[in-house]
Each structure stands twice: as C-alpha cells, then as structure tokens.
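Engineer: Data file start38.txt (compact mmCIF, C-alpha atoms) is appended below.
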# COMPACT_ATOMS: atom_id res chain seq x y z
CA MET A 35 -84.37 -35.29 -55.47
CA ILE A 36 -87.80 -35.90 -53.98
CA ASP A 37 -89.49 -39.17 -53.02
CA VAL A 38 -93.11 -39.58 -54.03
CA LEU A 39 -96.10 -41.85 -53.50
CA ILE A 40 -98.74 -42.61 -56.13
CA ALA A 41 -102.18 -43.93 -55.09
CA ASP A 42 -104.50 -45.13 -57.85
CA ASP A 43 -106.70 -48.23 -58.06
CA GLU A 44 -106.38 -48.38 -61.88
CA GLU A 45 -103.23 -50.37 -62.65
CA PRO A 46 -102.62 -48.89 -66.14
CA ALA A 47 -102.89 -45.33 -64.81
CA LEU A 48 -100.64 -46.20 -61.86
CA ALA A 49 -97.97 -47.70 -64.10
CA ALA A 50 -98.13 -44.86 -66.63
CA LEU A 51 -97.73 -42.15 -63.99
CA ALA A 52 -94.89 -44.05 -62.31
CA TYR A 53 -93.09 -44.30 -65.64
CA LEU A 54 -93.42 -40.57 -66.32
CA LEU A 55 -92.24 -39.65 -62.84
CA GLU A 56 -89.22 -41.93 -63.12
CA GLN A 57 -88.12 -40.10 -66.28
CA ASP A 58 -87.71 -36.86 -64.34
CA SER A 59 -84.24 -36.44 -62.82
CA ARG A 60 -85.72 -34.56 -59.85
CA ILE A 61 -87.64 -37.65 -58.68
CA GLY A 62 -86.07 -40.21 -56.34
CA ARG A 63 -88.07 -43.18 -55.11
CA VAL A 64 -91.56 -43.76 -56.49
CA HIS A 65 -93.85 -45.77 -54.19
CA GLN A 66 -97.03 -47.23 -55.70
CA VAL A 67 -100.23 -48.32 -53.92
CA SER A 68 -103.74 -49.06 -55.13
CA THR A 69 -105.86 -47.98 -52.14
CA GLY A 70 -106.01 -45.13 -49.68
CA ALA A 71 -105.60 -47.56 -46.79
CA ASP A 72 -102.39 -48.91 -48.32
CA ALA A 73 -101.20 -45.33 -48.74
CA ILE A 74 -101.68 -44.62 -45.03
CA ARG A 75 -99.85 -47.82 -44.10
CA LEU A 76 -96.90 -46.87 -46.28
CA LEU A 77 -96.83 -43.30 -45.01
CA THR A 78 -96.59 -44.52 -41.42
CA ARG A 79 -93.37 -46.33 -42.40
CA GLU A 80 -91.86 -44.14 -45.09
CA ARG A 81 -91.35 -40.39 -45.32
CA VAL A 82 -92.18 -39.01 -48.76
CA ASP A 83 -92.12 -35.48 -50.11
CA ALA A 84 -95.22 -35.60 -52.30
CA VAL A 85 -98.27 -37.77 -52.94
CA PHE A 86 -100.10 -38.06 -56.26
CA LEU A 87 -103.66 -39.19 -55.53
CA ASP A 88 -106.55 -40.41 -57.60
CA ILE A 89 -109.87 -39.19 -56.18
CA HIS A 90 -112.06 -42.26 -56.70
CA MET A 91 -110.56 -45.28 -54.93
CA PRO A 92 -112.21 -48.11 -52.96
CA GLY A 93 -112.46 -47.56 -49.21
CA LEU A 94 -110.68 -44.28 -48.52
CA SER A 95 -111.07 -41.86 -51.40
CA GLY A 96 -108.34 -39.44 -52.41
CA PHE A 97 -110.17 -36.69 -50.54
CA ASP A 98 -110.43 -38.89 -47.42
CA LEU A 99 -106.73 -39.58 -47.61
CA ALA A 100 -105.91 -35.90 -48.07
CA ARG A 101 -107.90 -35.06 -44.92
CA ALA A 102 -106.06 -37.78 -43.00
CA LEU A 103 -102.73 -36.32 -44.13
CA GLN A 104 -103.67 -33.02 -42.52
CA ARG A 105 -103.20 -34.73 -39.14
CA PHE A 106 -99.64 -35.78 -39.92
CA GLU A 107 -96.83 -33.66 -38.49
CA HIS A 108 -94.92 -34.06 -41.73
CA ARG A 109 -97.40 -33.33 -44.52
CA PRO A 110 -96.21 -34.20 -48.02
CA ALA A 111 -97.15 -31.93 -50.91
CA LEU A 112 -100.46 -33.02 -52.39
CA VAL A 113 -101.27 -33.45 -56.09
CA PHE A 114 -104.54 -34.91 -57.35
CA VAL A 115 -104.41 -36.94 -60.56
CA THR A 116 -107.92 -37.73 -61.77
CA ALA A 117 -110.39 -37.89 -64.64
CA ASP A 118 -112.89 -35.93 -62.53
CA GLU A 119 -112.89 -32.31 -63.69
CA GLU A 120 -115.34 -31.22 -60.98
CA GLY A 121 -113.20 -31.94 -57.93
CA ALA A 122 -110.70 -29.10 -58.30
CA LEU A 123 -112.42 -26.73 -55.87
CA GLU A 124 -112.45 -29.28 -53.05
CA ALA A 125 -108.88 -30.28 -53.92
CA PHE A 126 -107.56 -26.76 -53.44
CA ASP A 127 -109.61 -26.38 -50.26
CA LEU A 128 -107.47 -29.29 -49.07
CA GLU A 129 -104.37 -27.24 -49.97
CA ALA A 130 -103.42 -29.30 -53.02
CA VAL A 131 -100.39 -28.03 -54.90
CA ASP A 132 -101.79 -29.10 -58.27
CA TYR A 133 -104.69 -30.86 -59.99
CA LEU A 134 -103.83 -33.03 -63.00
CA LEU A 135 -106.37 -34.46 -65.39
CA LYS A 136 -105.93 -37.90 -66.93
CA PRO A 137 -104.37 -38.84 -69.24
CA VAL A 138 -101.35 -37.04 -67.81
CA ARG A 139 -98.99 -35.43 -70.32
CA ALA A 140 -95.26 -35.38 -69.62
CA VAL A 141 -94.97 -31.60 -70.10
CA ARG A 142 -97.83 -30.95 -67.70
CA LEU A 143 -96.36 -33.34 -65.12
CA GLU A 144 -92.98 -31.59 -65.29
CA ARG A 145 -94.74 -28.34 -64.41
CA SER A 146 -96.51 -30.05 -61.51
CA ILE A 147 -93.21 -31.39 -60.14
CA SER A 148 -91.80 -27.85 -60.27
CA ARG A 149 -94.79 -26.63 -58.24
CA VAL A 150 -94.22 -29.41 -55.69
CA ILE A 151 -90.55 -28.45 -55.32
CA ASP A 152 -91.46 -24.77 -54.92
CA ALA A 153 -94.01 -25.66 -52.24
CA LEU A 154 -91.49 -27.81 -50.38
CA ARG A 155 -88.95 -25.00 -50.37
CA GLN A 156 -91.49 -22.74 -48.68
CA THR A 157 -92.31 -25.31 -45.98
CA PRO A 158 -90.01 -25.36 -42.93
CA GLU A 159 -88.56 -28.79 -42.22
CA ALA A 160 -89.47 -30.56 -38.99
CA SER A 161 -86.51 -31.21 -36.72
CA ALA A 162 -87.18 -34.97 -36.73
CA PRO A 163 -89.35 -37.46 -38.60
CA PRO A 164 -92.83 -37.64 -37.02
CA ALA A 165 -94.23 -40.62 -35.23
CA ALA A 166 -96.92 -42.44 -37.14
CA GLU A 167 -100.23 -41.23 -35.72
CA LEU A 168 -102.94 -42.88 -37.82
CA ILE A 169 -103.78 -46.52 -38.53
CA ALA A 170 -106.10 -47.73 -41.26
CA VAL A 171 -108.50 -50.41 -39.99
CA THR A 172 -111.36 -52.25 -41.66
CA LEU A 173 -114.68 -52.60 -39.86
CA GLY A 174 -117.72 -54.12 -41.54
CA GLY A 175 -116.19 -53.67 -44.99
CA THR A 176 -115.49 -49.99 -44.37
CA THR A 177 -111.99 -48.57 -43.96
CA ARG A 178 -111.59 -45.97 -41.25
CA MET A 179 -108.74 -44.27 -39.43
CA ILE A 180 -107.95 -44.50 -35.73
CA ARG A 181 -105.29 -42.62 -33.81
CA ARG A 182 -102.41 -44.62 -32.39
CA ASP A 183 -102.67 -42.44 -29.27
CA ASP A 184 -106.14 -43.95 -28.69
CA VAL A 185 -104.81 -47.53 -28.63
CA ARG A 186 -104.67 -48.68 -25.01
CA TYR A 187 -103.18 -52.10 -25.64
CA VAL A 188 -102.59 -54.60 -28.42
CA GLN A 189 -103.57 -58.26 -28.26
CA ALA A 190 -101.98 -60.92 -30.48
CA GLN A 191 -104.41 -63.09 -32.43
CA GLY A 192 -102.42 -65.36 -34.74
CA ASP A 193 -101.17 -63.44 -37.79
CA TYR A 194 -103.39 -60.53 -36.69
CA THR A 195 -103.42 -58.16 -33.75
CA ARG A 196 -106.38 -56.51 -32.10
CA LEU A 197 -105.92 -52.79 -31.38
CA CYS A 198 -107.96 -52.15 -28.25
CA THR A 199 -109.33 -48.64 -27.67
CA ALA A 200 -112.03 -47.18 -25.46
CA GLU A 201 -114.31 -47.43 -28.49
CA GLY A 202 -113.65 -51.13 -29.14
CA GLY A 203 -111.22 -53.52 -30.79
CA PHE A 204 -109.97 -53.41 -34.40
CA LEU A 205 -108.15 -56.23 -36.16
CA VAL A 206 -105.12 -55.46 -38.33
CA ARG A 207 -102.95 -57.95 -40.17
CA VAL A 208 -99.65 -57.05 -38.51
CA PRO A 209 -97.76 -59.41 -36.15
CA ILE A 210 -97.45 -58.12 -32.61
CA SER A 211 -93.65 -58.45 -32.84
CA ASP A 212 -93.65 -55.89 -35.67
CA LEU A 213 -95.75 -53.44 -33.65
CA GLU A 214 -93.50 -53.98 -30.63
CA ARG A 215 -90.53 -52.82 -32.68
CA GLN A 216 -92.27 -50.03 -34.60
CA TRP A 217 -94.12 -48.53 -31.60
CA ALA A 218 -91.43 -48.75 -28.93
CA ASP A 219 -90.56 -45.07 -29.27
CA ALA A 220 -94.25 -44.16 -28.91
CA GLY A 221 -94.46 -45.60 -25.39
CA PHE A 222 -95.63 -49.15 -26.08
CA VAL A 223 -94.03 -51.99 -24.11
CA ARG A 224 -94.39 -55.77 -24.40
CA VAL A 225 -95.65 -57.28 -21.14
CA HIS A 226 -96.62 -60.75 -22.36
CA ARG A 227 -96.29 -62.79 -25.53
CA SER A 228 -99.90 -61.84 -26.25
CA TYR A 229 -99.96 -58.21 -25.07
CA LEU A 230 -98.36 -54.88 -25.86
CA VAL A 231 -99.50 -51.95 -23.70
CA ALA A 232 -99.35 -48.17 -24.03
CA LEU A 233 -97.78 -46.84 -20.85
CA ALA A 234 -99.77 -43.62 -21.24
CA HIS A 235 -102.98 -45.60 -20.71
CA VAL A 236 -101.79 -47.75 -17.80
CA ALA A 237 -103.74 -46.98 -14.63
CA GLN A 238 -101.96 -49.37 -12.27
CA ILE A 239 -99.18 -51.97 -12.31
CA ARG A 240 -98.99 -54.81 -9.80
CA LEU A 241 -95.63 -56.55 -9.97
CA GLY A 242 -95.24 -57.93 -6.45
CA SER A 243 -97.84 -60.71 -6.54
CA ASP A 244 -97.55 -64.25 -7.90
CA HIS A 245 -99.49 -63.07 -10.93
CA PRO A 246 -98.15 -59.64 -12.03
CA THR A 247 -100.68 -57.56 -13.93
CA VAL A 248 -101.14 -54.17 -15.53
CA ILE A 249 -104.49 -52.41 -15.40
CA VAL A 250 -105.45 -50.64 -18.62
CA GLY A 251 -108.96 -49.21 -18.60
CA ASP A 252 -111.16 -52.03 -17.33
CA ALA A 253 -108.76 -54.76 -18.46
CA ALA A 254 -106.28 -56.57 -16.21
CA LEU A 255 -103.50 -57.88 -18.43
CA PRO A 256 -100.95 -60.49 -17.36
CA VAL A 257 -97.24 -59.70 -17.17
CA SER A 258 -94.97 -62.65 -17.94
CA ARG A 259 -91.89 -63.27 -15.82
CA ARG A 260 -89.74 -63.10 -18.95
CA MET A 261 -91.03 -59.60 -19.73
CA LEU A 262 -90.60 -58.23 -16.19
CA PRO A 263 -87.02 -56.92 -16.56
CA GLY A 264 -87.87 -54.99 -19.73
CA LEU A 265 -91.03 -53.59 -18.13
CA ARG A 266 -89.11 -52.45 -15.04
CA ASP A 267 -86.56 -50.70 -17.25
CA ARG A 268 -89.30 -48.84 -19.09
CA LEU A 269 -91.00 -47.88 -15.83
CA ALA A 270 -87.75 -46.41 -14.57
CA GLN A 271 -87.85 -44.03 -17.52
CA SER A 272 -91.52 -43.09 -17.13
CA THR A 273 -93.87 -41.55 -14.57
CA VAL A 274 -95.94 -44.74 -14.17
CA ARG A 275 -95.63 -46.10 -10.64
CA ALA A 276 -95.69 -49.81 -9.92
CA ASP A 277 -97.24 -51.23 -6.77
CA SER A 278 -94.99 -53.68 -4.89
Starting from the file, give its structure as structure tokens.
Structural biologist:
Amino acid sequence: MIDVLIADDEEPALAALAYLLEQDSRIGRVHQVSTGADAIRLLTRERVDAVFLDIHMPGLSGFDLARALQRFEHRPALVFVTADEEGALEAFDLEAVDYLLKPVRAVRLERSISRVIDALRQTPEASAPPAAELIAVTLGGTTRMIRRDDVRYVQAQGDYTRLCTAEGGFLVRVPISDLERQWADAGFVRVHRSYLVALAHVAQIRLGSDHPTVIVGDAALPVSRRMLPGLRDRLAQSTVRADS
C-alpha cells in the first residue's frame, strides 16, 4: 500500500479525489491540504509515496511545489490533477508520472495509481528517511521556501519563532519547543529558553565567563545555566570548540 498527499485549494475537488483514492485497495493513508505551503509543512513531518497536486493554488502553485520537491532526498511520485489542459508539457518537464484532468474518473485514477506504483518500483529506496530541508515562510503576503541549513539560530517570540538567516529573519507559527525536538538530529541545540542554535553556524562559544554566550554570525546569544550541561554534551559530540 502507498501513502499519498493531495493538495488542492478547492474543497469539493479535494474531497472527491480523497474519496476515490480511498476506494482503491492499493492506497494507505490519504493526507489532504489546501495550499502548497501546507503541503511542504506536512512533507517535512510525514513521508509519503506520491503527491497529487492541483496547479493553481494560492501562494505556492503546484509547479512551485513540484520544483521544491526536487530538492528533497526522498522525492514522492508526482501526479498533477487540474482543469488546466495546457500545463502538461511543463508537468512532464518536472518529471510528473501522470497528468489528470478534472473531473477525475475512477477508471482513469486507477490507471494513474498503477503508473505511480510502477515508478516507485523503479526508484531505489533511500537507506533512511531524509531530514526535512525546506521550510515554507510568509513574507509580505508571499510564501517562499528557505533551507533549514541556512538557519543560523531560532528565536522564540510567543507562539511564533523567528528563523534567523544571513538574509534576515522569518516568522513561523511553530513553538520553539517543537523545533527543538524536530531539529535535534539536524544539529540544533537549545542554549536558552529563547534561543535554539545550529552548531554548524556557531563561530565561537564562551562558557567560562559569568555570562556564557555563543557567537553566531554577528549575534552574541546568551547561554542559560540550565542549558549548559546539554550544550556541553552536544559539544563533546561535535567539532565546535568552546573557550574556557
């Protein structure tokens, strides 16, 4: 059985496609989202085998999302589901497995699922699930993607966090405690109740003074006494050297 994601901003079309997919015994879980940004967020948490994308969605279009998926280590099979007959050429340039026109017929969808399964059989499996590499952020009403590797540190701001990069800061509505847990394996460590830092971007660590700090870019971030033991443990496993 294969797990799939559907992305479509039209609720009736989303529900209809989900229903048809659920009738096929080859389909496992069916995730549903209404925007490309929501699709990226889900794909950073869940591993799916195939995505069924509408082309015209607010923010990130289906084509934008397909391009973002090309940067994922694990790339699900891609199927476009749209009323736009003229997008097929670009869809197949993006290595889509199939291109379905709305309204989707059950017989045609069954054939598409078979194509997805054939494509998956020809794709070698990765030895382990990939780390999430892309984050959807909103800036000035526009959704864009940033790489997690570019995030130097994270600053808590209430129910939000600010992802700080060399380019600037980007607010996302995710508690810092969630990012601490989700990003631990990617080299992020909590140094203060308000800060999570990427060890790969740490230039210097000063732990011997009355006010321990880590230097990340041009920012000097405080290290709380409560976080010191955990930070020392992480440093022992890394190549970052702390100054006494």
Engineer: Smallest atom-to-atom distance to A:Pro137: which of A:Arg268, A:Val67, A:Ala50, A:Asp184, using only C-alpha atoms?
Structural biologist: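 Of A:Arg268, A:Val67, A:Ala50, A:Asp184, the one nearest A:Pro137, counting only C-alpha atoms, is A:Ala50.
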Engineer: Could you give me, as number ranges by chain, the residues within 8 Å of stretch 90-102 of chain A, counting all atoms listed in the file and dropping anything in the same chain fewer than 5 positions from it?
Structural biologist: A: 42-43, 68-71, 74, 112, 114, 116, 125, 128, 168, 176-179
Engineer: Excluding stretch 253-261 of chain A and residues on its chain fewer than 5 positions from it, collect all residues at most 6 Å away from it, counting all atoms listed in the file, and give them as a list in words.
Structural biologist: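 In the requested form, the answer reads Val225, His226, Pro246, Thr247 and Val248 of chain A.
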Engineer: May I have the protein, DNA and RNA residues with any atom at most 12 Å from the point (-98.6, -43.8, -61.1), counting all atoms listed in the file, written as number ranges by chain?
Structural biologist: A: 38-56, 64-68, 85-88, 113-116, 136-138, 143
Engineer: To one decimal place in Å, what is the distance between atom CA of A:Ile180 and atom CA of A:Ile239?
Structural biologist: 26.1 Å
Engineer: Given only C-alpha atoms as the basis, pick out the residue of A:Ala237, A:Ile61, A:Val188, A:Ile249 nearest to A:Glu144.
Structural biologist: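 Between A:Ala237, A:Ile61, A:Val188, A:Ile249, the residue approaching A:Glu144 most closely is A:Ile61.
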